[in-house]
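Enquirer: Below you'll find the structure I mean.
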Amino acid sequence: VYEDGTTIWNAFERANGVPMGDVAQSITYINGKYFVALNGSGKIEVVEPETFKSIGTILYTQKGKPRFMAPINDTVAIVSDIQGQLVRVNTSDYSVIEYIPLATNWGVEKIVKIGDKLFGANPAGKGIAVFDIDNITGNPQSVIPVSISKSVKTCKMHVDKNNKLWIFSTGKNAES
């Protein structure tokens, strides 16, 4: 969408001659590139922001549905996945580093990194999961649950200029 209101539909297909994939869930800007998580296709397309030309593709080699991404450092990002896992990917060579299975009751949807912590909204209404970036595991003891709402799937997490996390969510308070 341009400043004058002009909209170009199917920008990826126009630029590359093939459709992007099924269910573009989110787009994340990392190191001058857009990473588009394609939930239904089990992949992440990496595109040049100005032209939407494909630069590369991160293909899942096992079952998964990528949702949202959070860069961890210059070459690594974490991807949330509705198949009950987090996926660590390399943002330089466009490969999957590892699949991290999570406890069933602690799958995560939207994610954000602040300092050495990764915050993830739990779509099952469990609240916010807090992971140590250096030790993300599927072990429930490695997750610090923070109960804030019965519905955090429909939420937006925002980090302000003071590095404070704001969570905008629908639903009622967990205590009610």
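Just so we're on the same page: first chain in the structure tokens is A, next is B, and so on; residues restart at 1 for each chain, and ligands are numbered from 1 in the order they show up.
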List as a count of residues only the protein and nucleic acid residues near Asp74 in chain A, meaning an atom at most 10 Å away when only C-alpha atoms are counted, but skip any in the same chain fewer than 2 places from it.
Expert: 9
Enquirer: As a compact mmCIF listing (two decimals) with all heavy atoms, in the first residue's frame, which residues of range 26-170 of chain A does DSSP assign to helix (DSSP H, G or I)?
Expert:
```
# COMPACT_ATOMS: atom_id res chain seq x y z
N THR A 104 2.10 -29.53 25.94
CA THR A 104 0.81 -29.30 25.28
C THR A 104 0.10 -28.04 25.77
O THR A 104 -0.44 -27.29 25.00
CB THR A 104 -0.12 -30.51 25.49
OG1 THR A 104 0.56 -31.67 25.04
CG2 THR A 104 -1.41 -30.35 24.73
N ASN A 105 0.12 -27.82 27.06
CA ASN A 105 -0.60 -26.66 27.59
C ASN A 105 0.19 -25.36 27.48
O ASN A 105 -0.26 -24.33 27.94
CB ASN A 105 -1.02 -26.89 29.05
CG ASN A 105 0.17 -27.09 29.96
OD1 ASN A 105 1.27 -27.39 29.52
ND2 ASN A 105 -0.05 -26.93 31.25
N TRP A 106 1.38 -25.39 26.85
CA TRP A 106 2.14 -24.16 26.72
C TRP A 106 2.61 -23.89 25.29
O TRP A 106 3.72 -23.44 25.07
CB TRP A 106 3.33 -24.10 27.69
CG TRP A 106 2.89 -23.53 28.98
CD1 TRP A 106 2.76 -24.19 30.16
CD2 TRP A 106 2.42 -22.20 29.22
NE1 TRP A 106 2.25 -23.36 31.12
CE2 TRP A 106 2.04 -22.12 30.58
CE3 TRP A 106 2.27 -21.06 28.43
CZ2 TRP A 106 1.53 -20.96 31.14
CZ3 TRP A 106 1.78 -19.92 29.01
CH2 TRP A 106 1.41 -19.88 30.34
N ILE A 133 16.05 -16.96 26.76
CA ILE A 133 16.55 -17.08 25.39
C ILE A 133 17.66 -18.11 25.27
O ILE A 133 17.74 -18.85 24.30
CB ILE A 133 17.04 -15.71 24.87
CG1 ILE A 133 15.87 -14.80 24.56
CG2 ILE A 133 17.95 -15.86 23.64
CD1 ILE A 133 15.00 -15.26 23.43
N ASP A 134 18.53 -18.18 26.27
CA ASP A 134 19.67 -19.10 26.21
C ASP A 134 19.30 -20.54 26.56
O ASP A 134 20.12 -21.44 26.43
CB ASP A 134 20.78 -18.63 27.14
CG ASP A 134 21.33 -17.28 26.72
OD1 ASP A 134 21.41 -17.03 25.49
OD2 ASP A 134 21.66 -16.46 27.59
N ASN A 135 18.05 -20.76 27.01
CA ASN A 135 17.68 -22.11 27.45
C ASN A 135 16.20 -22.38 27.14
O ASN A 135 15.44 -22.72 28.02
CB ASN A 135 17.95 -22.27 28.95
CG ASN A 135 17.77 -23.70 29.39
OD1 ASN A 135 17.98 -24.64 28.62
ND2 ASN A 135 17.35 -23.88 30.62
N PRO A 140 8.25 -28.10 30.84
CA PRO A 140 7.36 -27.14 31.50
C PRO A 140 8.03 -26.36 32.62
O PRO A 140 7.65 -25.24 32.91
CB PRO A 140 6.23 -28.01 32.04
CG PRO A 140 6.27 -29.26 31.24
CD PRO A 140 7.71 -29.45 30.83
N GLN A 141 9.04 -26.94 33.26
CA GLN A 141 9.73 -26.23 34.34
C GLN A 141 10.57 -25.08 33.81
O GLN A 141 10.96 -24.19 34.57
CB GLN A 141 10.62 -27.19 35.14
CG GLN A 141 9.84 -28.07 36.12
CD GLN A 141 9.03 -29.16 35.42
OE1 GLN A 141 9.46 -29.71 34.41
NE2 GLN A 141 7.86 -29.45 35.95
N SER A 142 10.87 -25.05 32.50
CA SER A 142 11.66 -23.95 31.95
C SER A 142 10.79 -22.77 31.54
O SER A 142 11.29 -21.75 31.11
CB SER A 142 12.47 -24.43 30.75
OG SER A 142 11.63 -24.65 29.63
```
Enquirer: Can you tell me, as a PyMOL selection string, what residues are no more than 9 Å from range 40-51 of chain A when counting only C-alpha atoms, ignoring any on the same chain fewer than 2 positions away?
Expert: chain A and resi 11-12+15+20-25+29+32-38+53-66+91+94
Enquirer: Can you check which residues of chain A DSSP gives as strand (DSSP E) on the backbone and send them as number ranges by chain?
Expert: A: 24-30, 33-38, 43-47, 54-59, 66-71, 76-81, 85-90, 95-101, 111-114, 117-122, 127-132, 144-146, 151-159, 165-170
Enquirer: Restricted to C-alpha atoms, what would the selected residues look like written as a PDB file, in the first residue's frame?
Expert:
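That gives us result_17.pdb:
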```pdb
ATOM      1  CA  ALA A  24       0.417 -15.674   5.022  1.00  0.00           C
ATOM      2  CA  GLN A  25       0.098 -15.306   8.800  1.00  0.00           C
ATOM      3  CA  SER A  26       2.620 -12.573   9.596  1.00  0.00           C
ATOM      4  CA  ILE A  27       5.446 -10.511   8.181  1.00  0.00           C
ATOM      5  CA  THR A  28       8.559  -9.603  10.171  1.00  0.00           C
ATOM      6  CA  TYR A  29      11.323  -7.183   9.159  1.00  0.00           C
ATOM      7  CA  ILE A  30      14.745  -8.621  10.034  1.00  0.00           C
ATOM      8  CA  LYS A  33      14.440  -8.330   4.631  1.00  0.00           C
ATOM      9  CA  TYR A  34      10.821  -9.360   5.094  1.00  0.00           C
ATOM     10  CA  PHE A  35      10.199 -12.830   6.507  1.00  0.00           C
ATOM     11  CA  VAL A  36       6.650 -13.963   5.670  1.00  0.00           C
ATOM     12  CA  ALA A  37       5.391 -16.897   7.767  1.00  0.00           C
ATOM     13  CA  LEU A  38       3.118 -19.106   5.665  1.00  0.00           C
ATOM     14  CA  LYS A  43       7.477 -22.384   5.211  1.00  0.00           C
ATOM     15  CA  ILE A  44       8.804 -18.860   5.554  1.00  0.00           C
ATOM     16  CA  GLU A  45       9.411 -16.814   2.418  1.00  0.00           C
ATOM     17  CA  VAL A  46      12.229 -14.263   2.588  1.00  0.00           C
ATOM     18  CA  VAL A  47      11.641 -11.296   0.293  1.00  0.00           C
ATOM     19  CA  SER A  54      12.163 -13.900  -3.358  1.00  0.00           C
ATOM     20  CA  ILE A  55      15.577 -14.031  -1.684  1.00  0.00           C
ATOM     21  CA  GLY A  56      15.130 -17.459  -0.126  1.00  0.00           C
ATOM     22  CA  THR A  57      12.778 -19.880   1.603  1.00  0.00           C
ATOM     23  CA  ILE A  58      12.984 -21.490   5.014  1.00  0.00           C
ATOM     24  CA  LEU A  59      11.341 -24.888   4.499  1.00  0.00           C
ATOM     25  CA  PRO A  66       4.766 -21.102  11.349  1.00  0.00           C
ATOM     26  CA  ARG A  67       2.933 -18.121  12.822  1.00  0.00           C
ATOM     27  CA  PHE A  68       5.082 -15.272  14.194  1.00  0.00           C
ATOM     28  CA  MET A  69       8.830 -14.511  14.366  1.00  0.00           C
ATOM     29  CA  ALA A  70      11.100 -12.755  16.827  1.00  0.00           C
ATOM     30  CA  PRO A  71      14.753 -12.041  15.976  1.00  0.00           C
ATOM     31  CA  VAL A  76      18.882 -16.357  14.568  1.00  0.00           C
ATOM     32  CA  ALA A  77      15.136 -15.958  15.071  1.00  0.00           C
ATOM     33  CA  ILE A  78      12.490 -17.930  16.933  1.00  0.00           C
ATOM     34  CA  VAL A  79       9.254 -18.835  15.151  1.00  0.00           C
ATOM     35  CA  SER A  80       6.035 -19.635  17.003  1.00  0.00           C
ATOM     36  CA  ASP A  81       4.104 -22.557  15.600  1.00  0.00           C
ATOM     37  CA  GLN A  85       6.531 -26.078  19.168  1.00  0.00           C
ATOM     38  CA  LEU A  86       8.961 -23.223  18.729  1.00  0.00           C
ATOM     39  CA  VAL A  87      11.342 -23.325  15.772  1.00  0.00           C
ATOM     40  CA  ARG A  88      14.812 -21.776  15.821  1.00  0.00           C
ATOM     41  CA  VAL A  89      15.830 -20.594  12.324  1.00  0.00           C
ATOM     42  CA  ASN A  90      18.940 -19.125  10.744  1.00  0.00           C
ATOM     43  CA  SER A  95      17.591 -22.949   7.377  1.00  0.00           C
ATOM     44  CA  VAL A  96      15.872 -24.541  10.355  1.00  0.00           C
ATOM     45  CA  ILE A  97      18.297 -24.942  13.254  1.00  0.00           C
ATOM     46  CA  GLU A  98      16.017 -26.887  15.589  1.00  0.00           C
ATOM     47  CA  TYR A  99      12.439 -27.748  16.476  1.00  0.00           C
ATOM     48  CA  ILE A 100      11.645 -27.275  20.161  1.00  0.00           C
ATOM     49  CA  PRO A 101       8.544 -29.230  21.226  1.00  0.00           C
ATOM     50  CA  ILE A 111       6.026 -13.692  20.512  1.00  0.00           C
ATOM     51  CA  VAL A 112       8.371 -10.851  21.384  1.00  0.00           C
ATOM     52  CA  LYS A 113      11.950 -10.707  22.700  1.00  0.00           C
ATOM     53  CA  ILE A 114      13.042  -8.313  25.432  1.00  0.00           C
ATOM     54  CA  LYS A 117      13.641 -13.281  27.595  1.00  0.00           C
ATOM     55  CA  LEU A 118      11.128 -14.454  24.994  1.00  0.00           C
ATOM     56  CA  PHE A 119       7.482 -13.746  25.801  1.00  0.00           C
ATOM     57  CA  GLY A 120       4.810 -15.849  24.103  1.00  0.00           C
ATOM     58  CA  ALA A 121       1.022 -15.589  24.222  1.00  0.00           C
ATOM     59  CA  ASN A 122      -0.666 -18.928  24.883  1.00  0.00           C
ATOM     60  CA  GLY A 127      -1.557 -16.418  29.789  1.00  0.00           C
ATOM     61  CA  ILE A 128       1.964 -15.426  28.794  1.00  0.00           C
ATOM     62  CA  ALA A 129       4.885 -17.861  28.768  1.00  0.00           C
ATOM     63  CA  VAL A 130       8.323 -16.450  29.541  1.00  0.00           C
ATOM     64  CA  PHE A 131      11.362 -18.306  28.193  1.00  0.00           C
ATOM     65  CA  ASP A 132      15.058 -17.741  28.870  1.00  0.00           C
ATOM     66  CA  ILE A 144       7.430 -19.138  33.674  1.00  0.00           C
ATOM     67  CA  PRO A 145       3.642 -18.789  33.239  1.00  0.00           C
ATOM     68  CA  VAL A 146       2.191 -15.329  33.808  1.00  0.00           C
ATOM     69  CA  SER A 151      -7.938 -14.930  25.824  1.00  0.00           C
ATOM     70  CA  VAL A 152      -4.472 -13.960  24.718  1.00  0.00           C
ATOM     71  CA  LYS A 153      -4.720 -15.491  21.238  1.00  0.00           C
ATOM     72  CA  THR A 154      -6.376 -12.293  20.080  1.00  0.00           C
ATOM     73  CA  CYS A 155      -3.740 -10.008  21.512  1.00  0.00           C
ATOM     74  CA  LYS A 156      -1.057  -7.601  20.415  1.00  0.00           C
ATOM     75  CA  MET A 157       2.248  -7.415  22.243  1.00  0.00           C
ATOM     76  CA  HIS A 158       4.226  -4.199  21.955  1.00  0.00           C
ATOM     77  CA  VAL A 159       7.593  -3.180  23.392  1.00  0.00           C
ATOM     78  CA  LEU A 165       6.013  -4.959  27.351  1.00  0.00           C
ATOM     79  CA  TRP A 166       2.415  -3.927  26.741  1.00  0.00           C
ATOM     80  CA  ILE A 167      -0.196  -6.601  26.046  1.00  0.00           C
ATOM     81  CA  PHE A 168      -3.500  -5.621  24.482  1.00  0.00           C
ATOM     82  CA  SER A 169      -5.941  -8.499  24.729  1.00  0.00           C
ATOM     83  CA  THR A 170      -9.587  -9.413  24.485  1.00  0.00           C
TER      84      THR A 170
END
```
Enquirer: For CA of Leu102 in chain A and CA of Asn73 in chain A, determine how far apart the two atoms are, in Å to one decimal place.
Expert: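 A separation of 21.9 Å between them.
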Enquirer: CA of Asp4 in chain A and CA of Pro19 in chain A, how far apart in Å?
Expert: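 Pair CA of Pro19 in chain A / CA of Asp4 in chain A returns 26.1 Å.
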Enquirer: What is the distance between CA of Thr7 in chain A and CA of Phe52 in chain A, in Å to one decimal?
Expert: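 A separation of 13.8 Å between them.
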